[in-house]
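I have placed the structure first, in the form of structure tokens, so that the comments after it can refer back to it.
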2 protein chains.
Amino acid sequence: MDDVKKRLDNLTKPPGSLGYLEELAIKIAGITKDNTPRVEKKEHIIMVGDHGIVKEGVSAFPQSITKAMVKNFLNEGAAVNVLARQYGVNISIVNIGMLEEINEEGLINANIKKGTNNFLYGPSMTLDQAVLSIENGIKITEEIIKKGADIIGTGEMGIGNTTPSSAIIAAVTKEDLDSIVGYGTGVNEEGLKNKKRVIKKALKVNNPSSEDGLDILSKVGGFEIGGMAGTMLAGAANNKPVMIDGLISGAAALIAYLIEPKVINYLIPSHKSVEPGHKKLYEYLNLRPFFNLEMRLGEGTGTIIGMSIVQSAVKILDEMATFDSLDF
Amino acid sequence: MDDVKKRLDNLTKPPGSLGYLEELAIKIAGITKDNTPRVEKKEHIIMVGDHGIVKEGVSAFPQSITKAMVKNFLNEGAAVNVLARQYGVNISIVNIGMLEEINEEGLINANIKKGTNNFLYGPSMTLDQAVLSIENGIKITEEIIKKGADIIGTGEMGIGNTTPSSAIIAAVTKEDLDSIVGYGTGVNEEGLKNKKRVIKKALKVNNPSSEDGLDILSKVGGFEIGGMAGTMLAGAANNKPVMIDGLISGAAALIAYLIEPKVINYLIPSHKSVEPGHKKLYEYLNLRPFFNLEMRLGEGTGTIIGMSIVQSAVKILDEMATFDSLDF
């Protein structure tokens, strides 16, 4: 990291004038333990799971959309596909907890259970299932890393998953629900009130720890959230940067952080989500997202753009001329 | 724009969930008068000029860096070149007011004068020269548009040019210099005090209007700032979106806006610069930059990344599946 800092200061620009791009280059050098890092092979992993809590009317969309959107991903028609094509990112889609079966080519099967339990009445999943969701995330991510990956994006699909994510953020940060819970994919005012009521009651019923990531994940989490936490831990263990997207991958970052705080050094924020809980979790993790497109879609749409900017940071380091080489 | 809004609402995402990307797609449709716009050919124009005010010690770098950096641009070794290669942007470099001559292939010559006058003692340039700088910017931009351009980025090089830019912002917004003037490429605290003192005195000596763009440009501006204002006016007149970069292109946007307020509808902000005056000019223009990499380099480094995100917005519109086509 010191080597990279020195090199950056000798490039043909005022020292520090590329701001966060320079910080990113230094961070990537530290993560990869390489003073000439490359970010060329960009891999994005979309974890998909369903949620029993949807029965409580917390989402603006029916649960069947989860499956329909997975087919859309496989047919390359979703927003994340369009962005991935533009920025040269490869996508892997993982069924880690889908309610409905689909046997289409290209979908990685790591299904733990057909959706979580309705956590209004008890834990989302067993502790063993929570562990398994993280282990599946680790395993799939390590397979992708083995094939070659310089950076990993985290995305998800799962109708209703801003509700478990908000519950996780509330459990960890202990902030007021009014400052955490948002409209998700677009519930109305009455829907927002209901969502807060459901989360409040579910936190009371389950009483999750604020410090034990596995306890929180099993009580109010989701399979795709565990899978994403697994991706983050696997990235860190293999010296690969992992990008955080919106609310759901942010909640997964909290789980990963509680399991192993050192993971934070390997996580790179991307965009600022419209969801209010996103701000709270970044304050808790002491990280700062660097662009704000007012998005609230999920799928990892923010990380696709973000990974390209990380690539810019290391290209600056690699390709810029030095002051020594300038012709005055 | 209504057509595009309708189409966006039928794409496979919650309505409005791509936030500013959707606003951008609608705006580009309006600018181009095309409900299926394309942003494929991305053109970036770097205007280069020198500044007599540098004699007052307002810059951390010697004036000779202007010429050295132009050679660096032509050799593709600068930050803007690295980013342009990554994001597929073509760069044109224009000598509109360089002090030193260089006759290298690839540099467009539109030199008006070898640097501005020191505006501490009188106007930077004559009114005719101010008009000519804008006209040269228009002419060069229209030539680039004729060869095919879907979007235009504005960049610049000119040691000392945060000083005329800050003076322009102060003249137009009438905000206090403490809230406008920044460290530029990196003067120290004493240098910052001197820079404010110089600008304060220069504004008193020249007494520029707050509403007459040509008056302000001629009294405290620079040739590259006039050229960039010309690019913005030419883009607008030809239904092409033009991106604003940092402090200097922002100051040019103020000049263009005072000449023709309708230009604002064709301008797209990119990043938030570290320079405090950048915030003030965006407040004045009622525009919002959408990413913050804490950059203060210039060259149009922000617009290169920004143009790619505009491209994302129209690709979303063009390539995403509709809900009608989903398989439930």
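Letters A, B, ... mark the chains of the structure tokens in the order given; residue numbers begin at 1 per chain; ligand numbers begin at 1, in order shown.
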
Inset, instruction - List the neighbours of Asp215 of chain B out to 12 Å using only C-alpha atoms; skip same-chain residues closer than 4 positions along the sequence, and give me the result as a ChimeraX atom specification. - result: /B:123-131,168,171-172,206-211,219-221,226,255,258-259

Using only C-alpha atoms, select each residue of chain A with any atom at most 6 Å away from an atom of chain B, and give the selection as a CSV table (one decimal) with all heavy atoms, in the first residue's frame.
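To be explicit, this is the file written out as part.csv:
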```
chain,number,residue,atom,x,y,z
A,14,PRO,N,-1.7,16.6,-9.7
A,14,PRO,CA,-1.4,17.0,-8.3
A,14,PRO,C,-1.6,15.9,-7.3
A,14,PRO,O,-2.6,15.2,-7.5
A,14,PRO,CB,-2.4,18.2,-8.1
A,14,PRO,CG,-2.8,18.6,-9.5
A,14,PRO,CD,-2.7,17.4,-10.3
A,17,SER,N,-5.1,14.5,-6.1
A,17,SER,CA,-6.2,15.1,-6.8
A,17,SER,C,-7.2,14.2,-7.4
A,17,SER,O,-8.3,14.6,-7.8
A,17,SER,CB,-5.6,16.0,-7.9
A,17,SER,OG,-4.9,15.2,-8.9
A,18,LEU,N,-6.9,12.9,-7.4
A,18,LEU,CA,-7.9,11.9,-7.9
A,18,LEU,C,-8.7,11.3,-6.7
A,18,LEU,O,-9.4,10.4,-6.9
A,18,LEU,CB,-7.3,10.8,-8.8
A,18,LEU,CG,-7.1,11.3,-10.2
A,18,LEU,CD1,-6.3,10.3,-11.1
A,18,LEU,CD2,-8.4,11.7,-10.9
A,19,GLY,N,-8.4,11.9,-5.5
A,19,GLY,CA,-9.3,11.6,-4.4
A,19,GLY,C,-9.5,10.1,-4.1
A,19,GLY,O,-8.6,9.4,-3.9
A,20,TYR,N,-10.8,9.8,-4.1
A,20,TYR,CA,-11.2,8.4,-3.7
A,20,TYR,C,-10.7,7.4,-4.7
A,20,TYR,O,-10.4,6.2,-4.3
A,20,TYR,CB,-12.7,8.4,-3.6
A,20,TYR,CG,-13.2,7.1,-3.0
A,20,TYR,CD1,-12.9,6.7,-1.7
A,20,TYR,CD2,-14.0,6.3,-3.7
A,20,TYR,CE1,-13.3,5.6,-1.2
A,20,TYR,CE2,-14.5,5.1,-3.2
A,20,TYR,CZ,-14.2,4.7,-1.9
A,20,TYR,OH,-14.6,3.6,-1.4
A,68,ALA,N,-40.0,-15.4,-11.8
A,68,ALA,CA,-40.1,-14.7,-13.1
A,68,ALA,C,-38.8,-13.9,-13.3
A,68,ALA,O,-38.3,-13.8,-14.5
A,68,ALA,CB,-41.3,-13.8,-13.1
A,77,GLY,N,-32.5,-10.1,-19.7
A,77,GLY,CA,-33.4,-9.0,-19.9
A,77,GLY,C,-33.6,-8.0,-18.8
A,77,GLY,O,-34.3,-7.0,-18.9
A,78,ALA,N,-32.9,-8.3,-17.7
A,78,ALA,CA,-33.1,-7.4,-16.5
A,78,ALA,C,-32.1,-6.3,-16.5
A,78,ALA,O,-31.1,-6.3,-17.3
A,78,ALA,CB,-32.9,-8.3,-15.2
A,185,THR,N,-39.5,-1.9,-2.8
A,185,THR,CA,-39.8,-1.8,-4.2
A,185,THR,C,-41.0,-0.9,-4.5
A,185,THR,O,-41.4,-0.7,-5.6
A,185,THR,CB,-40.1,-3.2,-4.8
A,185,THR,OG1,-41.1,-3.8,-4.0
A,185,THR,CG2,-38.8,-4.0,-4.9
A,290,PHE,N,-20.0,6.0,-2.9
A,290,PHE,CA,-19.4,7.1,-3.6
A,290,PHE,C,-20.2,7.6,-4.8
A,290,PHE,O,-19.8,8.5,-5.5
A,290,PHE,CB,-17.9,6.9,-4.0
A,290,PHE,CG,-17.7,5.7,-4.9
A,290,PHE,CD1,-17.9,5.8,-6.2
A,290,PHE,CD2,-17.4,4.4,-4.3
A,290,PHE,CE1,-17.6,4.7,-7.0
A,290,PHE,CE2,-17.2,3.3,-5.1
A,290,PHE,CZ,-17.3,3.5,-6.5
A,291,PHE,N,-21.3,6.9,-5.1
A,291,PHE,CA,-22.2,7.6,-6.0
A,291,PHE,C,-23.7,7.4,-5.6
A,291,PHE,O,-24.0,6.5,-4.8
A,291,PHE,CB,-22.0,7.1,-7.5
A,291,PHE,CG,-22.2,5.7,-7.8
A,291,PHE,CD1,-23.4,5.2,-8.4
A,291,PHE,CD2,-21.2,4.7,-7.5
A,291,PHE,CE1,-23.6,3.9,-8.7
A,291,PHE,CE2,-21.4,3.4,-7.8
A,291,PHE,CZ,-22.6,3.0,-8.4
A,292,ASN,N,-24.5,8.3,-6.1
A,292,ASN,CA,-25.9,8.3,-5.7
A,292,ASN,C,-26.8,8.5,-6.9
A,292,ASN,O,-26.9,9.6,-7.4
A,292,ASN,CB,-26.1,9.5,-4.7
A,292,ASN,CG,-27.6,9.5,-4.2
A,292,ASN,OD1,-28.4,8.7,-4.6
A,292,ASN,ND2,-27.9,10.5,-3.4
A,293,LEU,N,-27.3,7.4,-7.4
A,293,LEU,CA,-28.2,7.5,-8.5
A,293,LEU,C,-29.6,7.3,-8.1
A,293,LEU,O,-30.5,7.1,-8.9
A,293,LEU,CB,-27.8,6.4,-9.6
A,293,LEU,CG,-26.5,6.7,-10.3
A,293,LEU,CD1,-26.0,5.5,-11.1
A,293,LEU,CD2,-26.6,7.9,-11.3
A,294,GLU,N,-29.8,7.4,-6.8
A,294,GLU,CA,-31.2,7.3,-6.2
A,294,GLU,C,-31.9,6.0,-6.6
A,294,GLU,O,-33.0,5.9,-6.9
A,294,GLU,CB,-32.0,8.5,-6.6
A,294,GLU,CG,-31.5,9.8,-5.9
A,294,GLU,CD,-32.2,11.1,-6.4
A,294,GLU,OE1,-33.1,11.0,-7.2
A,294,GLU,OE2,-31.7,12.1,-5.9
A,295,MET,N,-31.1,4.9,-6.6
A,295,MET,CA,-31.6,3.6,-7.1
A,295,MET,C,-32.1,2.8,-5.8
A,295,MET,O,-31.6,3.0,-4.7
A,295,MET,CB,-30.5,2.8,-7.8
A,295,MET,CG,-30.0,3.5,-9.0
A,295,MET,SD,-29.1,2.3,-10.1
A,295,MET,CE,-27.7,1.9,-9.1
A,296,ARG,N,-33.1,2.0,-6.1
A,296,ARG,CA,-33.6,1.1,-5.1
A,296,ARG,C,-34.1,-0.2,-5.7
A,296,ARG,O,-35.1,-0.7,-5.4
A,296,ARG,CB,-34.7,1.8,-4.3
A,296,ARG,CG,-35.8,2.4,-5.2
A,296,ARG,CD,-36.9,3.0,-4.4
A,296,ARG,NE,-37.8,3.7,-5.3
A,296,ARG,CZ,-38.8,3.1,-6.0
A,296,ARG,NH1,-39.0,1.8,-5.9
A,296,ARG,NH2,-39.6,3.8,-6.7
A,297,LEU,N,-33.3,-0.7,-6.7
A,297,LEU,CA,-33.7,-1.9,-7.5
A,297,LEU,C,-33.2,-3.2,-6.9
A,297,LEU,O,-33.8,-4.2,-7.0
A,297,LEU,CB,-33.3,-1.7,-8.9
A,297,LEU,CG,-33.6,-2.9,-9.9
A,297,LEU,CD1,-35.1,-3.2,-9.9
A,297,LEU,CD2,-33.1,-2.6,-11.3
A,320,MET,N,-0.9,5.5,-16.1
A,320,MET,CA,-0.6,6.9,-16.2
A,320,MET,C,0.9,7.2,-16.3
A,320,MET,O,1.7,6.4,-15.7
A,320,MET,CB,-1.1,7.7,-15.0
A,320,MET,CG,-2.5,8.4,-15.2
A,320,MET,SD,-3.0,9.4,-13.8
A,320,MET,CE,-2.0,10.9,-14.0
A,321,ALA,N,1.3,8.2,-17.0
A,321,ALA,CA,2.7,8.6,-17.0
A,321,ALA,C,3.1,9.2,-15.7
A,321,ALA,O,2.3,9.7,-14.9
A,321,ALA,CB,2.9,9.7,-18.1
A,327,ASP,N,7.7,15.9,-20.7
A,327,ASP,CA,8.6,16.7,-21.5
A,327,ASP,C,8.2,18.2,-21.3
A,327,ASP,O,7.2,18.7,-21.8
A,327,ASP,CB,8.3,16.3,-23.0
A,327,ASP,CG,9.2,17.1,-24.0
A,327,ASP,OD1,10.1,17.7,-23.6
A,327,ASP,OD2,8.8,17.0,-25.2
A,328,PHE,N,9.1,18.9,-20.6
A,328,PHE,CA,8.8,20.4,-20.3
A,328,PHE,C,9.3,21.3,-21.5
A,328,PHE,O,10.1,20.9,-22.3
A,328,PHE,CB,9.4,20.8,-19.0
A,328,PHE,CG,8.7,20.2,-17.8
A,328,PHE,CD1,9.0,18.9,-17.4
A,328,PHE,CD2,7.6,20.9,-17.2
A,328,PHE,CE1,8.3,18.4,-16.3
A,328,PHE,CE2,6.9,20.3,-16.2
A,328,PHE,CZ,7.3,19.1,-15.7
```

Inset, instruction - Using DSSP on the backbone coordinates, identify all residues within segment 248-317 of chain B classified as strand (DSSP E or B); present the result as a PyMOL selection string. - result: chain B and resi 267-269+271+291

Legend entry - Length of the atom CA of Ser133 of chain B to atom CA of Phe119 of chain B vector [Å]: 16.8 Å

Legend entry - Near-Glu190 of chain B list (12 Å; only C-alpha atoms; drop same-chain fewer than 4 positions) as a PyMOL selection string: chain B and resi 57-60+182-183+186+194-197

Inset, instruction - Fewer than 2 positions away in the same chain doesn't count, so skip those; otherwise give me all residues within 8 Å of His44 of chain A, counting only C-alpha atoms, as a list in words. - result: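 So, after excluding close chain neighbours, the residues are Lys42, Ile46, Val89, Asn90, Ile91, Ser92, Ile152, Gly153, Thr154, Gly155, Gly300 and Ile304 of chain A.
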
Inset, instruction - Using DSSP on the backbone coordinates, identify the residues of segment 31-67 of chain A assigned to helix (DSSP H, G or I); present them as a VMD selection string. - result: chain A and resid 31 to 32 52 to 56 64 to 67

Selection file, C-alpha atoms, as a PDB file, in the first residue's frame:
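Written out: result_7.pdb:
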```
ATOM      1  CA  ILE A  31      -6.609  -6.422  -0.362  1.00  0.00           C
ATOM      2  CA  THR A  32      -4.784  -8.257  -3.127  1.00  0.00           C
ATOM      3  CA  GLY A  52     -42.102 -16.412   4.460  1.00  0.00           C
ATOM      4  CA  ILE A  53     -42.634 -12.893   5.797  1.00  0.00           C
ATOM      5  CA  VAL A  54     -44.196 -11.936   2.441  1.00  0.00           C
ATOM      6  CA  LYS A  55     -47.436 -13.420   3.820  1.00  0.00           C
ATOM      7  CA  GLU A  56     -47.639 -10.336   6.050  1.00  0.00           C
ATOM      8  CA  SER A  64     -44.062 -15.201  -7.980  1.00  0.00           C
ATOM      9  CA  ILE A  65     -41.923 -12.315  -9.248  1.00  0.00           C
ATOM     10  CA  THR A  66     -38.843 -13.952  -7.705  1.00  0.00           C
ATOM     11  CA  LYS A  67     -39.040 -16.865 -10.122  1.00  0.00           C
TER      12      LYS A  67
END
```

Legend entry - atom CA of Leu285 of chain A to atom CA of Ile268 of chain A, straight-line distance in Å: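 Distance between the two atoms: 11.1 Å.
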
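Put simply, atom CA of Arg288 of chain A is 25.0 Å away from atom CA of Ile134 of chain A.
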
Inset, instruction - Using only C-alpha atoms, determine which residues lie at most 6 Å from Met47 of chain A, disregarding the query and same-chain residues fewer than 6 positions distant; provide the list as a VMD selection string. - result: chain A and resid 94 156 224

Legend entry - Selected residue, from A:Ile244, A:Ala251, A:Met157, A:Ile225, that lies nearest to Leu287 of chain A when counting only C-alpha atoms: A:Ile244

Inset, instruction - Tell me which protein, DNA and RNA residues are within 9 Å of Gly148 of chain A, counting only C-alpha atoms, leaving out same-chain ones fewer than 3 positions away, and put them as a PyMOL selection string. - result: chain A and resi 41+43+143-145

Export of prior selection with N, CA and C atoms as a PDB file, in the first residue's frame:
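In the end it all went to part-v7.pdb:
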```pdb
ATOM      1  N   LYS A  41     -11.060  -9.036 -14.581  1.00  0.00           N
ATOM      2  CA  LYS A  41     -12.131 -10.039 -14.571  1.00  0.00           C
ATOM      3  C   LYS A  41     -13.112  -9.696 -13.448  1.00  0.00           C
ATOM      4  N   GLU A  43     -16.610 -10.302 -11.640  1.00  0.00           N
ATOM      5  CA  GLU A  43     -17.624 -11.337 -11.463  1.00  0.00           C
ATOM      6  C   GLU A  43     -18.726 -10.831 -10.541  1.00  0.00           C
ATOM      7  N   GLU A 143     -15.427 -21.250  -5.867  1.00  0.00           N
ATOM      8  CA  GLU A 143     -15.386 -21.865  -7.206  1.00  0.00           C
ATOM      9  C   GLU A 143     -15.208 -20.788  -8.278  1.00  0.00           C
ATOM     10  N   ILE A 144     -15.919 -19.684  -8.115  1.00  0.00           N
ATOM     11  CA  ILE A 144     -15.820 -18.582  -9.084  1.00  0.00           C
ATOM     12  C   ILE A 144     -14.422 -17.962  -9.024  1.00  0.00           C
ATOM     13  N   ILE A 145     -13.901 -17.804  -7.827  1.00  0.00           N
ATOM     14  CA  ILE A 145     -12.547 -17.240  -7.665  1.00  0.00           C
ATOM     15  C   ILE A 145     -11.506 -18.149  -8.317  1.00  0.00           C
TER      16      ILE A 145
END
```
